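Data from work-v9.cif: mmCIF, C-alpha atoms
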data_model
#
loop_
_atom_site.label_atom_id
_atom_site.label_comp_id
_atom_site.auth_asym_id
_atom_site.auth_seq_id
_atom_site.Cartn_x
_atom_site.Cartn_y
_atom_site.Cartn_z
CA MET A 1 -17.87 4.15 1.34
CA ILE A 2 -15.56 1.65 -0.28
CA HIS A 3 -12.09 0.45 0.62
CA HIS A 4 -9.06 -0.13 -1.56
CA THR A 5 -6.94 -2.64 0.38
CA MET A 6 -3.42 -3.14 -0.96
CA ILE A 7 -0.90 -5.77 0.08
CA VAL A 8 2.68 -4.76 -0.64
CA ALA A 9 5.46 -7.34 -0.85
CA PHE A 10 8.99 -6.06 -1.35
CA ASN A 11 11.18 -8.51 -3.26
CA GLU A 12 13.85 -8.47 -0.55
CA PRO A 13 13.52 -7.84 3.17
CA ILE A 14 13.22 -4.11 3.80
CA PRO A 15 14.39 -2.40 7.00
CA SER A 16 11.55 -1.14 9.15
CA ASP A 17 12.60 2.50 8.82
CA GLU A 18 12.58 2.28 5.01
CA LEU A 19 9.17 0.61 5.04
CA ASP A 20 7.93 3.43 7.28
CA GLU A 21 9.37 5.95 4.78
CA TYR A 22 7.49 4.25 1.91
CA LEU A 23 4.22 4.15 3.86
CA LYS A 24 4.53 7.76 5.05
CA GLY A 25 5.29 8.96 1.51
CA LEU A 26 2.29 7.07 0.16
CA GLU A 27 0.07 8.50 2.87
CA GLU A 28 1.22 12.08 2.27
CA LEU A 29 0.88 11.78 -1.50
CA THR A 30 -2.64 10.36 -1.36
CA MET A 31 -4.13 12.24 1.59
CA ASP A 32 -3.02 15.65 0.32
CA THR A 33 -5.34 15.33 -2.68
CA GLY A 34 -8.67 15.11 -0.90
CA ALA A 35 -9.72 12.09 -3.02
CA ILE A 36 -8.94 9.70 -0.15
CA GLN A 37 -10.99 9.93 3.05
CA SER A 38 -8.85 7.66 5.21
CA PHE A 39 -5.51 5.88 5.16
CA VAL A 40 -4.23 3.19 7.48
CA ALA A 41 -1.16 0.99 7.08
CA ARG A 42 0.47 -1.73 9.14
CA HIS A 43 3.64 -3.78 8.89
CA HIS A 44 3.36 -7.53 8.41
CA LEU A 45 3.89 -9.43 11.64
CA GLY A 46 6.29 -12.20 10.75
CA VAL A 47 5.90 -15.76 11.99
CA PRO A 48 7.92 -18.94 11.29
CA SER A 49 5.29 -20.27 8.88
CA ASP A 50 6.07 -17.34 6.53
CA ASP A 51 8.75 -19.62 5.08
CA HIS A 52 5.96 -21.73 3.59
CA ALA A 53 4.00 -18.93 1.89
CA PRO A 54 2.91 -20.20 -1.53
CA VAL A 55 3.26 -16.86 -3.34
CA ALA A 56 4.92 -14.15 -1.27
CA VAL A 57 5.05 -12.75 2.23
CA ALA A 58 3.63 -9.27 2.55
CA SER A 59 5.73 -6.43 3.87
CA ALA A 60 2.71 -4.30 4.74
CA VAL A 61 -1.01 -3.85 4.25
CA VAL A 62 -2.52 -0.48 3.34
CA GLN A 63 -6.19 0.44 3.34
CA PHE A 64 -7.61 3.55 1.71
CA GLY A 65 -11.15 4.70 2.42
CA LEU A 66 -12.96 6.42 -0.45
CA ALA A 67 -16.45 7.75 -1.07
CA ASP A 68 -17.12 5.63 -4.14
CA LEU A 69 -15.62 4.08 -7.28
CA ASP A 70 -15.35 7.48 -8.97
CA ALA A 71 -13.11 8.67 -6.13
CA LEU A 72 -11.03 5.51 -6.52
CA ASN A 73 -10.58 6.15 -10.25
CA THR A 74 -9.51 9.71 -9.40
CA ALA A 75 -7.01 8.38 -6.85
CA PHE A 76 -5.38 6.11 -9.44
CA ALA A 77 -4.74 9.18 -11.59
CA LEU A 78 -3.21 11.32 -8.84
CA PRO A 79 -0.38 13.58 -9.97
CA GLY A 80 2.90 12.16 -8.74
CA ILE A 81 1.70 8.62 -8.05
CA GLY A 82 3.53 7.21 -11.08
CA ALA A 83 6.77 8.94 -10.12
CA PHE A 84 6.42 7.74 -6.53
CA ILE A 85 5.93 4.13 -7.62
CA ASP A 86 8.76 4.31 -10.18
CA SER A 87 11.22 5.76 -7.67
CA TRP A 88 10.46 3.04 -5.12
CA GLN A 89 10.51 0.29 -7.74
CA ALA A 90 13.99 1.45 -8.81
CA ARG A 91 15.18 1.61 -5.21
CA ARG A 92 13.40 -1.40 -3.68
CA PRO A 93 11.37 -3.47 -6.15
CA TYR A 94 8.03 -4.70 -4.88
CA LYS A 95 4.76 -6.23 -5.98
CA ALA A 96 1.31 -5.15 -4.94
CA ILE A 97 -2.06 -6.79 -5.12
CA TRP A 98 -5.29 -5.14 -4.12
CA VAL A 99 -8.98 -5.57 -3.70
CA ASN A 100 -11.72 -2.93 -3.88
CA HIS A 101 -14.53 -3.75 -1.48
CA GLU A 102 -17.25 -2.55 0.81
CA PRO A 103 -16.30 -2.23 4.51
CA LEU A 104 -15.72 -5.61 6.12
CA VAL A 105 -17.54 -4.73 9.34
#

Kindly present the structure from the file in structure tokens form.
Amino acid sequence: MIHHTMIVAFNEPIPSDELDEYLKGLEELTMDTGAIQSFVARHHLGVPSDDHAPVAVASAVVQFGLADLDALNTAFALPGIGAFIDSWQARRPYKAIWVNHEPLV
């Protein structure tokens, strides 16, 4: 198993209910395909030192569990993923960084 861990940082603060909508939509889109074995997402827990972040403060972290790199490549080509990203980028621009890795524990 490998993990695709994605950190999402919306350009402007996003209300919790809208962030939940984004995360739920992403989960439904990806889990319905069968390419992804697991999905977990959490909101960032803000602290005062966030004001000193050198790059950005995350809005959420998402972790996908996949069988292997072939499954990950399949996931990146999922039907509808481009439209999902484009619609959210138009509505609430964000940046994402990710890492593909073996389980941490």

- request: Could you tell me which residues the PyMOL selection byres ((chain A and resi 12-17) around 9) grabs in this file, written as a VMD selection string?
  value: chain A and resid 9 to 11 18 to 22 43 59 92 to 94

If you keep C-alpha atoms, can you produce a file of those selected residues as a short mmCIF file (atom, residue, chain, number, x, y, z; two decimals), in the coordinates of the input?
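What ended up in selection30.cif:
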data_model
loop_
_atom_site.label_atom_id
_atom_site.label_comp_id
_atom_site.auth_asym_id
_atom_site.auth_seq_id
_atom_site.Cartn_x
_atom_site.Cartn_y
_atom_site.Cartn_z
CA ALA A 9 5.46 -7.34 -0.85
CA PHE A 10 8.99 -6.06 -1.35
CA ASN A 11 11.18 -8.51 -3.26
CA GLU A 18 12.58 2.28 5.01
CA LEU A 19 9.17 0.61 5.04
CA ASP A 20 7.93 3.43 7.28
CA GLU A 21 9.37 5.95 4.78
CA TYR A 22 7.49 4.25 1.91
CA HIS A 43 3.64 -3.78 8.89
CA SER A 59 5.73 -6.43 3.87
CA ARG A 92 13.40 -1.40 -3.68
CA PRO A 93 11.37 -3.47 -6.15
CA TYR A 94 8.03 -4.70 -4.88
#

Taking 3 positions as the minimum chain separation for residues in the same chain, which residues sit within 7 Å of Ala67 (chain A) when counting only C-alpha atoms? Answer as a PDB file with C-alpha atoms, keeping the file's coordinate frame.
ATOM      1  CA  MET A   1     -17.870   4.150   1.340  1.00  0.00           C
ATOM      2  CA  ILE A   2     -15.560   1.650  -0.280  1.00  0.00           C
ATOM      3  CA  ALA A  71     -13.110   8.670  -6.130  1.00  0.00           C
TER       4      ALA A  71
END

query: Could you state the separation of CA of Ala60 (chain A) and CA of Phe76 (chain A) in Å, given to one decimal place?
result: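 CA of Phe76 (chain A) lies at a distance of 19.4 Å from CA of Ala60 (chain A).
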
query: Looking at only C-alpha atoms, which of A:Leu78, A:Leu45, A:Val105, A:Ala96 is the one that sits closest to Glu28 (chain A)?
result: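 Result for the nearest residue to Glu28 (chain A): A:Leu78.
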
- prompt: Mind telling me what the PyMOL selection byres ((chain A and resi 7) around 12) catches here, as a ChimeraX atom specification?
  reply: /A:4-6,8-10,23,41-44,56-64,94-100

Export C-alpha atoms of the chosen residues as a PDB file, in the frame of the given file?
ATOM      1  CA  HIS A   4      -9.060  -0.130  -1.560  1.00  0.00           C
ATOM      2  CA  THR A   5      -6.940  -2.640   0.380  1.00  0.00           C
ATOM      3  CA  MET A   6      -3.420  -3.140  -0.960  1.00  0.00           C
ATOM      4  CA  VAL A   8       2.680  -4.760  -0.640  1.00  0.00           C
ATOM      5  CA  ALA A   9       5.460  -7.340  -0.850  1.00  0.00           C
ATOM      6  CA  PHE A  10       8.990  -6.060  -1.350  1.00  0.00           C
ATOM      7  CA  LEU A  23       4.220   4.150   3.860  1.00  0.00           C
ATOM      8  CA  ALA A  41      -1.160   0.990   7.080  1.00  0.00           C
ATOM      9  CA  ARG A  42       0.470  -1.730   9.140  1.00  0.00           C
ATOM     10  CA  HIS A  43       3.640  -3.780   8.890  1.00  0.00           C
ATOM     11  CA  HIS A  44       3.360  -7.530   8.410  1.00  0.00           C
ATOM     12  CA  ALA A  56       4.920 -14.150  -1.270  1.00  0.00           C
ATOM     13  CA  VAL A  57       5.050 -12.750   2.230  1.00  0.00           C
ATOM     14  CA  ALA A  58       3.630  -9.270   2.550  1.00  0.00           C
ATOM     15  CA  SER A  59       5.730  -6.430   3.870  1.00  0.00           C
ATOM     16  CA  ALA A  60       2.710  -4.300   4.740  1.00  0.00           C
ATOM     17  CA  VAL A  61      -1.010  -3.850   4.250  1.00  0.00           C
ATOM     18  CA  VAL A  62      -2.520  -0.480   3.340  1.00  0.00           C
ATOM     19  CA  GLN A  63      -6.190   0.440   3.340  1.00  0.00           C
ATOM     20  CA  PHE A  64      -7.610   3.550   1.710  1.00  0.00           C
ATOM     21  CA  TYR A  94       8.030  -4.700  -4.880  1.00  0.00           C
ATOM     22  CA  LYS A  95       4.760  -6.230  -5.980  1.00  0.00           C
ATOM     23  CA  ALA A  96       1.310  -5.150  -4.940  1.00  0.00           C
ATOM     24  CA  ILE A  97      -2.060  -6.790  -5.120  1.00  0.00           C
ATOM     25  CA  TRP A  98      -5.290  -5.140  -4.120  1.00  0.00           C
ATOM     26  CA  VAL A  99      -8.980  -5.570  -3.700  1.00  0.00           C
ATOM     27  CA  ASN A 100     -11.720  -2.930  -3.880  1.00  0.00           C
TER      28      ASN A 100
END

field: Å distance separating CA of Asp50 (chain A) from CA of Arg91 (chain A), one decimal place
entry: 24.1 Å

task: Work out how far apart CA of His52 (chain A) and CA of Leu104 (chain A) are and give it in Å to one decimal.
output: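 That distance, rounded to one decimal, is 27.1 Å.
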
task: Starting from the displayed file, determine the output of the PyMOL selection byres ((chain A and resi 84) around 12) and express the residue list as a VMD selection string.
output: chain A and resid 21 to 30 78 to 83 85 to 92
